[in-house]
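K.L.:
Sharing final_17.cif, mmCIF, C-alpha atoms and all ligand atoms:
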data_start
loop_
_atom_site.label_atom_id
_atom_site.label_comp_id
_atom_site.auth_asym_id
_atom_site.auth_seq_id
_atom_site.Cartn_x
_atom_site.Cartn_y
_atom_site.Cartn_z
CA MET A 1 67.48 135.31 68.53
CA PRO A 2 64.80 137.99 67.97
CA HIS A 3 61.24 137.04 68.92
CA GLU A 4 58.38 137.89 66.59
CA HIS A 5 55.91 140.54 67.83
CA VAL A 6 57.96 141.17 70.95
CA CYS A 7 58.97 144.60 72.20
CA PRO A 8 62.63 145.19 71.15
CA TRP A 9 65.02 145.24 74.13
CA TRP A 10 66.05 148.87 73.59
CA ILE A 11 62.42 149.98 74.08
CA GLY A 12 62.93 148.63 77.60
CA TYR A 13 64.93 151.78 78.44
CA LEU A 14 62.04 154.02 77.36
CA LEU A 15 59.51 151.96 79.29
CA ALA A 16 61.61 152.18 82.45
CA SER A 17 62.12 155.95 82.12
CA PRO A 18 60.98 158.09 85.07
CA ILE A 19 59.05 160.25 82.56
CA ARG A 20 56.51 157.41 82.32
CA ARG A 21 55.52 158.22 85.89
CA LEU A 22 53.70 161.26 84.53
CA PHE A 23 51.23 158.88 82.85
CA GLN A 24 51.43 155.71 84.94
CA LYS A 25 52.30 155.65 88.63
CA PRO A 26 53.23 152.08 89.63
CA GLU A 27 52.36 152.57 93.30
CA LYS A 28 48.90 153.86 92.38
CA ILE A 29 48.25 151.07 89.86
CA VAL A 30 49.44 148.04 91.84
CA GLY A 31 49.49 149.47 95.39
CA PRO A 32 45.87 148.51 96.17
CA PHE A 33 46.66 144.80 95.58
CA ILE A 34 50.02 144.39 97.27
CA LYS A 35 50.86 144.10 100.94
CA ASN A 36 53.99 143.61 102.94
CA GLY A 37 55.23 140.00 102.84
CA MET A 38 53.42 139.01 99.63
CA ARG A 39 54.85 136.79 96.94
CA ILE A 40 54.43 138.49 93.56
CA LEU A 41 54.81 137.14 90.04
CA GLU A 42 55.48 139.54 87.19
CA ILE A 43 55.54 138.21 83.65
CA GLY A 44 57.32 140.43 81.13
CA PRO A 45 58.86 142.91 83.59
CA GLY A 46 61.07 144.55 80.96
CA MET A 47 63.65 146.64 82.82
CA GLY A 48 61.59 146.89 85.97
CA PHE A 49 59.37 149.99 85.88
CA PHE A 50 56.84 148.10 88.04
CA THR A 51 59.18 145.48 89.53
CA LEU A 52 61.22 147.82 91.71
CA PRO A 53 58.23 149.63 93.31
CA MET A 54 56.55 146.24 93.92
CA ALA A 55 59.71 144.91 95.60
CA GLU A 56 59.73 148.03 97.75
CA ILE A 57 56.12 147.47 98.87
CA VAL A 58 56.45 143.74 99.70
CA GLY A 59 59.41 144.47 101.98
CA PRO A 60 62.16 142.06 103.06
CA GLU A 61 59.68 139.31 103.96
CA GLY A 62 58.14 139.30 100.48
CA GLY A 63 59.50 138.86 96.99
CA VAL A 64 58.94 139.37 93.27
CA ILE A 65 59.58 136.67 90.70
CA ALA A 66 60.23 138.45 87.40
CA VAL A 67 59.99 136.23 84.31
CA ASP A 68 60.99 137.50 80.86
CA ILE A 69 62.07 136.01 77.52
CA GLN A 70 64.76 138.65 76.91
CA ASP A 71 68.01 138.37 78.78
CA LYS A 72 68.90 142.01 78.01
CA MET A 73 65.77 143.17 79.87
CA LEU A 74 66.61 141.00 82.87
CA ARG A 75 70.27 142.05 82.95
CA GLU A 76 69.30 145.72 83.18
CA LEU A 77 66.60 144.91 85.73
CA ARG A 78 69.17 143.11 87.89
CA GLN A 79 71.49 146.14 87.74
CA ARG A 80 68.72 148.53 88.71
CA ALA A 81 67.71 146.22 91.56
CA LYS A 82 71.29 146.11 92.82
CA LYS A 83 71.61 149.91 92.71
CA THR A 84 68.48 150.34 94.80
CA GLY A 85 69.38 147.54 97.23
CA LEU A 86 66.31 145.51 96.21
CA ASP A 87 68.15 142.65 94.49
CA GLY A 88 67.61 140.28 97.42
CA ARG A 89 63.82 140.52 96.90
CA ILE A 90 63.77 140.00 93.12
CA ASP A 91 64.22 136.62 91.47
CA CYS A 92 64.87 137.22 87.72
CA ARG A 93 64.13 134.25 85.51
CA LEU A 94 64.77 133.87 81.80
CA THR A 95 62.04 131.89 80.09
CA LYS A 96 60.90 130.73 76.65
CA GLN A 97 58.19 132.30 74.54
CA ASP A 98 56.08 129.15 74.31
CA ALA A 99 56.22 128.08 77.98
CA LEU A 100 56.87 130.01 81.18
CA GLY A 101 58.37 127.06 83.05
CA ILE A 102 57.10 128.19 86.46
CA GLY A 103 55.85 124.81 87.69
CA ASP A 104 57.89 125.17 90.90
CA LEU A 105 55.72 128.16 91.95
CA ARG A 106 52.58 126.05 92.15
CA GLY A 107 49.91 127.61 94.41
CA SER A 108 52.30 130.10 96.00
CA ILE A 109 51.59 133.48 94.35
CA ASP A 110 49.41 136.18 95.96
CA PHE A 111 49.42 138.66 93.09
CA THR A 112 50.48 138.56 89.44
CA LEU A 113 51.14 141.55 87.23
CA LEU A 114 50.70 141.18 83.47
CA MET A 115 51.52 144.66 82.25
CA ALA A 116 51.73 145.12 78.47
CA VAL A 117 52.73 141.50 77.93
CA VAL A 118 49.70 139.36 77.00
CA HIS A 119 49.48 140.96 73.53
CA GLU A 120 52.98 139.58 72.86
CA VAL A 121 52.22 136.01 73.95
CA PRO A 122 51.50 133.59 71.09
CA ASP A 123 49.84 130.74 73.05
CA ARG A 124 47.51 132.53 75.48
CA ARG A 125 45.63 129.40 76.51
CA ARG A 126 48.77 127.75 77.81
CA PHE A 127 49.99 131.05 79.27
CA PHE A 128 46.92 131.51 81.50
CA GLU A 129 46.98 127.86 82.54
CA GLU A 130 50.56 128.28 83.76
CA VAL A 131 49.78 131.53 85.56
CA ARG A 132 46.69 130.00 87.23
CA SER A 133 48.67 127.05 88.45
CA ALA A 134 51.21 129.38 90.13
CA MET A 135 48.47 131.31 91.97
CA LYS A 136 47.00 130.77 95.41
CA THR A 137 43.22 130.34 95.32
CA ALA A 138 41.65 133.83 95.56
CA GLY A 139 44.94 135.42 94.51
CA THR A 140 44.61 138.32 92.07
CA VAL A 141 45.99 139.14 88.64
CA LEU A 142 46.10 142.59 87.12
CA MET A 143 46.26 142.47 83.35
CA ALA A 144 46.62 145.54 81.14
CA ASP A 145 47.56 145.95 77.50
CA PRO A 146 48.09 149.10 75.44
CA ARG A 147 45.09 149.87 73.23
CA PRO A 148 47.14 150.76 70.15
CA TYR A 149 48.55 147.18 70.02
CA PHE A 150 45.65 145.22 71.44
CA GLY A 151 42.10 146.40 70.77
CA ILE A 152 39.18 145.64 73.06
CA ASP A 153 38.08 142.63 70.97
CA GLU A 154 41.50 140.96 71.23
CA PHE A 155 41.69 141.86 74.90
CA GLU A 156 38.30 140.28 75.62
CA GLU A 157 39.29 137.24 73.56
CA ALA A 158 42.39 136.78 75.73
CA LEU A 159 40.13 136.94 78.79
CA ILE A 160 38.24 133.90 77.52
CA PHE A 161 41.45 131.87 77.92
CA ALA A 162 41.85 133.33 81.41
CA ARG A 163 38.31 132.25 82.31
CA GLU A 164 38.89 128.76 80.90
CA ALA A 165 42.06 128.47 82.97
CA GLY A 166 40.09 129.15 86.17
CA PHE A 167 40.09 132.94 86.63
CA ASN A 168 37.01 135.03 87.35
CA ARG A 169 36.84 138.64 86.30
CA SER A 170 36.52 140.79 89.39
CA VAL A 171 33.97 143.57 89.54
CA ASP A 172 36.26 145.62 91.81
CA ARG A 173 37.16 148.95 90.31
CA ILE A 174 40.73 149.43 89.21
CA SER A 175 42.35 152.76 88.54
CA ALA A 176 42.38 153.64 84.85
CA ILE A 177 45.68 152.79 83.20
CA TRP A 178 46.77 155.30 80.56
CA ARG A 179 45.98 154.17 76.99
CA SER A 180 45.30 150.61 78.15
CA ASN A 181 42.52 148.09 78.51
CA SER A 182 42.71 146.44 81.88
CA ALA A 183 41.08 143.72 83.97
CA LEU A 184 41.37 142.36 87.47
CA LEU A 185 41.12 138.57 87.75
CA THR A 186 40.66 136.33 90.76
CA ALA A 187 41.94 132.76 90.85
CA GLY A 188 38.88 130.57 91.46
C1 LIG B 1 56.01 145.94 76.15
S1 LIG B 1 57.17 145.21 77.26
C2 LIG B 1 56.47 145.68 78.83
C3 LIG B 1 57.48 145.69 79.95
C4 LIG B 1 56.92 146.03 81.33
N1 LIG B 1 55.85 145.13 81.73
C5 LIG B 1 56.46 147.45 81.40
O1 LIG B 1 55.24 147.70 81.46
O2 LIG B 1 57.35 148.32 81.40
C6 LIG B 1 56.81 143.48 77.17
C7 LIG B 1 57.77 142.62 77.93
O3 LIG B 1 57.25 141.29 77.95
C8 LIG B 1 58.29 140.37 77.59
N2 LIG B 1 57.63 139.19 77.00
C9 LIG B 1 57.07 139.07 75.77
N3 LIG B 1 56.55 137.84 75.60
C10 LIG B 1 56.79 137.15 76.74
C11 LIG B 1 56.50 135.81 77.17
N4 LIG B 1 55.89 134.95 76.38
N5 LIG B 1 56.90 135.45 78.42
C12 LIG B 1 57.54 136.33 79.23
N6 LIG B 1 57.84 137.60 78.87
C13 LIG B 1 57.48 138.01 77.64
C14 LIG B 1 59.16 141.17 76.65
O4 LIG B 1 60.45 140.64 76.55
C15 LIG B 1 59.14 142.54 77.32
O5 LIG B 1 60.10 142.64 78.33
#
Could the structure of this file be written out as structure tokens, please?
P.N.:
Amino acid sequence: MPHEHVCPWWIGYLLASPIRRLFQKPEKIVGPFIKNGMRILEIGPGMGFFTLPMAEIVGPEGGVIAVDIQDKMLRELRQRAKKTGLDGRIDCRLTKQDALGIGDLRGSIDFTLLMAVVHEVPDRRRFFEEVRSAMKTAGTVLMADPRPYFGIDEFEEALIFAREAGFNRSVDRISAIWRSNSALLTAG
């Protein structure tokens, strides 16, 4: 069933195109926050533009849990992971729009990537509560949303829910993400 205000599955192919690397380099954007052996959570991975490079960086001792509401995105992501030999490090999970259902991850995540997803989430309060509960204390979250779909006022409003869920906005500099508002959060 189609979800309202959610990126159509076929856009997933465009988002995962290598041409995007000209504007956004995954290693440069997430590299500073990820180390070998880390446990990463990615909500809304699409077809894996960021997932595969993150799985590469965490190595065989680490892993990426990729949670999306669209099975077509996850199916393509699984295929790409298999082709690159990274499937053993990526746990693809299909979820529902109103609840992530990641209670089993409680306190285990070092880094979470929320790339171009928060603007599509209807209940942001609940969303950040679930993400916070999956994080280790002092773990980090990188959140970025495209300006054309999510202006600075909406972005800042979403950050209020993050703060209420127990995240602090970090003053660390993050590399500019093309056409996006972004923030780095620390789980307090
Ligand atoms: C615009 S795409 C971005 C994909 C990817 N992060 C990227 O940057 O290429 C948004 C993705 O978030 C997923 N999504 C939307 N709402 C979601 C929710 N509530 N929970 C999990 N995933 C969601 C969509 O299915 C889609 O794959």
K.L.:
Can you work out the spacing between atom CA of His5 of chain A and atom N6 of ligand LIG 1 (chain B) in Å, to one decimal?
P.N.:
11.6 Å
K.L.:
Just want the residues within 6 Å of ligand LIG 1 (chain B), written as a list in words, counting all atoms listed in the file.
P.N.:
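Based on all atoms listed in the file, ligand LIG 1 (chain B) is surrounded within 6 Å by Val6, Cys7, Leu15, Ala16, Ile43, Gly44, Pro45, Gly46, Phe49, Val67, Asp68, Ile69, Gln70, Met73, Gln97, Met115, Ala116, Val117, Glu120 and Val121 of chain A.
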K.L.:
Report as a list of chain:residue names all protein, DNA and RNA residues lying within 7 Å of Phe167 of chain A, evaluated on all atoms listed in the file, omitting residues in the same chain fewer than 6 positions from it.
P.N.:
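The neighbour list is A:Leu185, A:Thr186, A:Ala187, A:Gly188.
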K.L.:
Given the choices A:Glu156, A:Val64, A:Pro148, A:Ser175, which gets closest to Glu27 of chain A if the distance is worked out from only C-alpha atoms?
P.N.:
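Closest to Glu27 of chain A of all the choices is A:Ser175.
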K.L.:
Please determine, counting only C-alpha atoms, which residue among A:Lys72, A:Thr112, A:Ala81, A:Arg147 has the shortest atom-to-atom distance to Leu94 of chain A.
P.N.:
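Of all the options, A:Lys72 lies closest to Leu94 of chain A.
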K.L.:
List as a list in words the protein and nucleic acid residues near segment 17-21 of chain A, meaning an atom at most 12 Å away when all atoms listed in the file are counted, but skip any in the same chain fewer than 3 places from it.
P.N.:
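Here the qualifying residues turn out to be Trp10, Ile11, Gly12, Tyr13, Leu14, Gln24, Lys25, Pro26, Glu27, Lys28, Ile29, Gly46, Met47, Gly48, Phe49, Phe50, Pro53, Arg80, Ile177 and Trp178 of chain A.
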K.L.:
I need the residue nearest Gly31 of chain A from this list: A:Lys136, A:Ile174, A:Phe128, A:Pro8. Use only C-alpha atoms for the distance.
P.N.:
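Result for the nearest residue to Gly31 of chain A: A:Ile174.
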K.L.:
Around (42.1, 131.6, 75.2) in the file's own coordinates, what residues are found within 10 Å if you use all atoms listed in the file, given back as a PyMOL selection string?
P.N.:
chain A and resi 123-129+156-165
K.L.:
Please provide as an mmCIF file with C-alpha atoms, in the frame of the given file all residues within 10 Å of Val141 of chain A, with the sequence filter that same-chain residues fewer than 5 positions apart are discarded (counting all atoms listed in the file).
P.N.:
data_model
loop_
_atom_site.group_PDB
_atom_site.id
_atom_site.type_symbol
_atom_site.label_atom_id
_atom_site.label_comp_id
_atom_site.auth_asym_id
_atom_site.auth_seq_id
_atom_site.Cartn_x
_atom_site.Cartn_y
_atom_site.Cartn_z
ATOM 1 C CA PHE A 33 46.660 144.800 95.580
ATOM 2 C CA ILE A 40 54.430 138.490 93.560
ATOM 3 C CA LEU A 41 54.810 137.140 90.040
ATOM 4 C CA GLU A 42 55.480 139.540 87.190
ATOM 5 C CA ILE A 109 51.590 133.480 94.350
ATOM 6 C CA ASP A 110 49.410 136.180 95.960
ATOM 7 C CA PHE A 111 49.420 138.660 93.090
ATOM 8 C CA THR A 112 50.480 138.560 89.440
ATOM 9 C CA LEU A 113 51.140 141.550 87.230
ATOM 10 C CA LEU A 114 50.700 141.180 83.470
ATOM 11 C CA VAL A 131 49.780 131.530 85.560
ATOM 12 C CA ARG A 132 46.690 130.000 87.230
ATOM 13 C CA MET A 135 48.470 131.310 91.970
ATOM 14 C CA PHE A 167 40.090 132.940 86.630
ATOM 15 C CA ASN A 168 37.010 135.030 87.350
ATOM 16 C CA ARG A 169 36.840 138.640 86.300
ATOM 17 C CA SER A 170 36.520 140.790 89.390
ATOM 18 C CA ALA A 183 41.080 143.720 83.970
ATOM 19 C CA LEU A 184 41.370 142.360 87.470
ATOM 20 C CA LEU A 185 41.120 138.570 87.750
ATOM 21 C CA THR A 186 40.660 136.330 90.760
ATOM 22 C CA ALA A 187 41.940 132.760 90.850
#
K.L.:
What is the distance, in Å and to one decimal place, between atom CA of Gly63 of chain A and atom CA of Met38 of chain A?
P.N.:
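That distance, rounded to one decimal, is 6.6 Å.
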K.L.:
What's the 8 Å shell around Leu105 of chain A, counting all atoms listed in the file, without same-chain residues fewer than 2 positions away, as a list in words?
P.N.:
Ile102, Gly103, Gly107, Ser108, Ile109, Ser133, Ala134 and Met135 of chain A
K.L.:
Please determine an axis-aligned box that encloses all atoms of segment 124-127 of chain A listed in the file, with 4 Å added on each side, and express its centre and edge lengths in Å to one decimal as JSON.
P.N.:
{"center_x": 47.8, "center_y": 130.1, "center_z": 77.4, "size_x": 12.4, "size_y": 12.8, "size_z": 11.8}
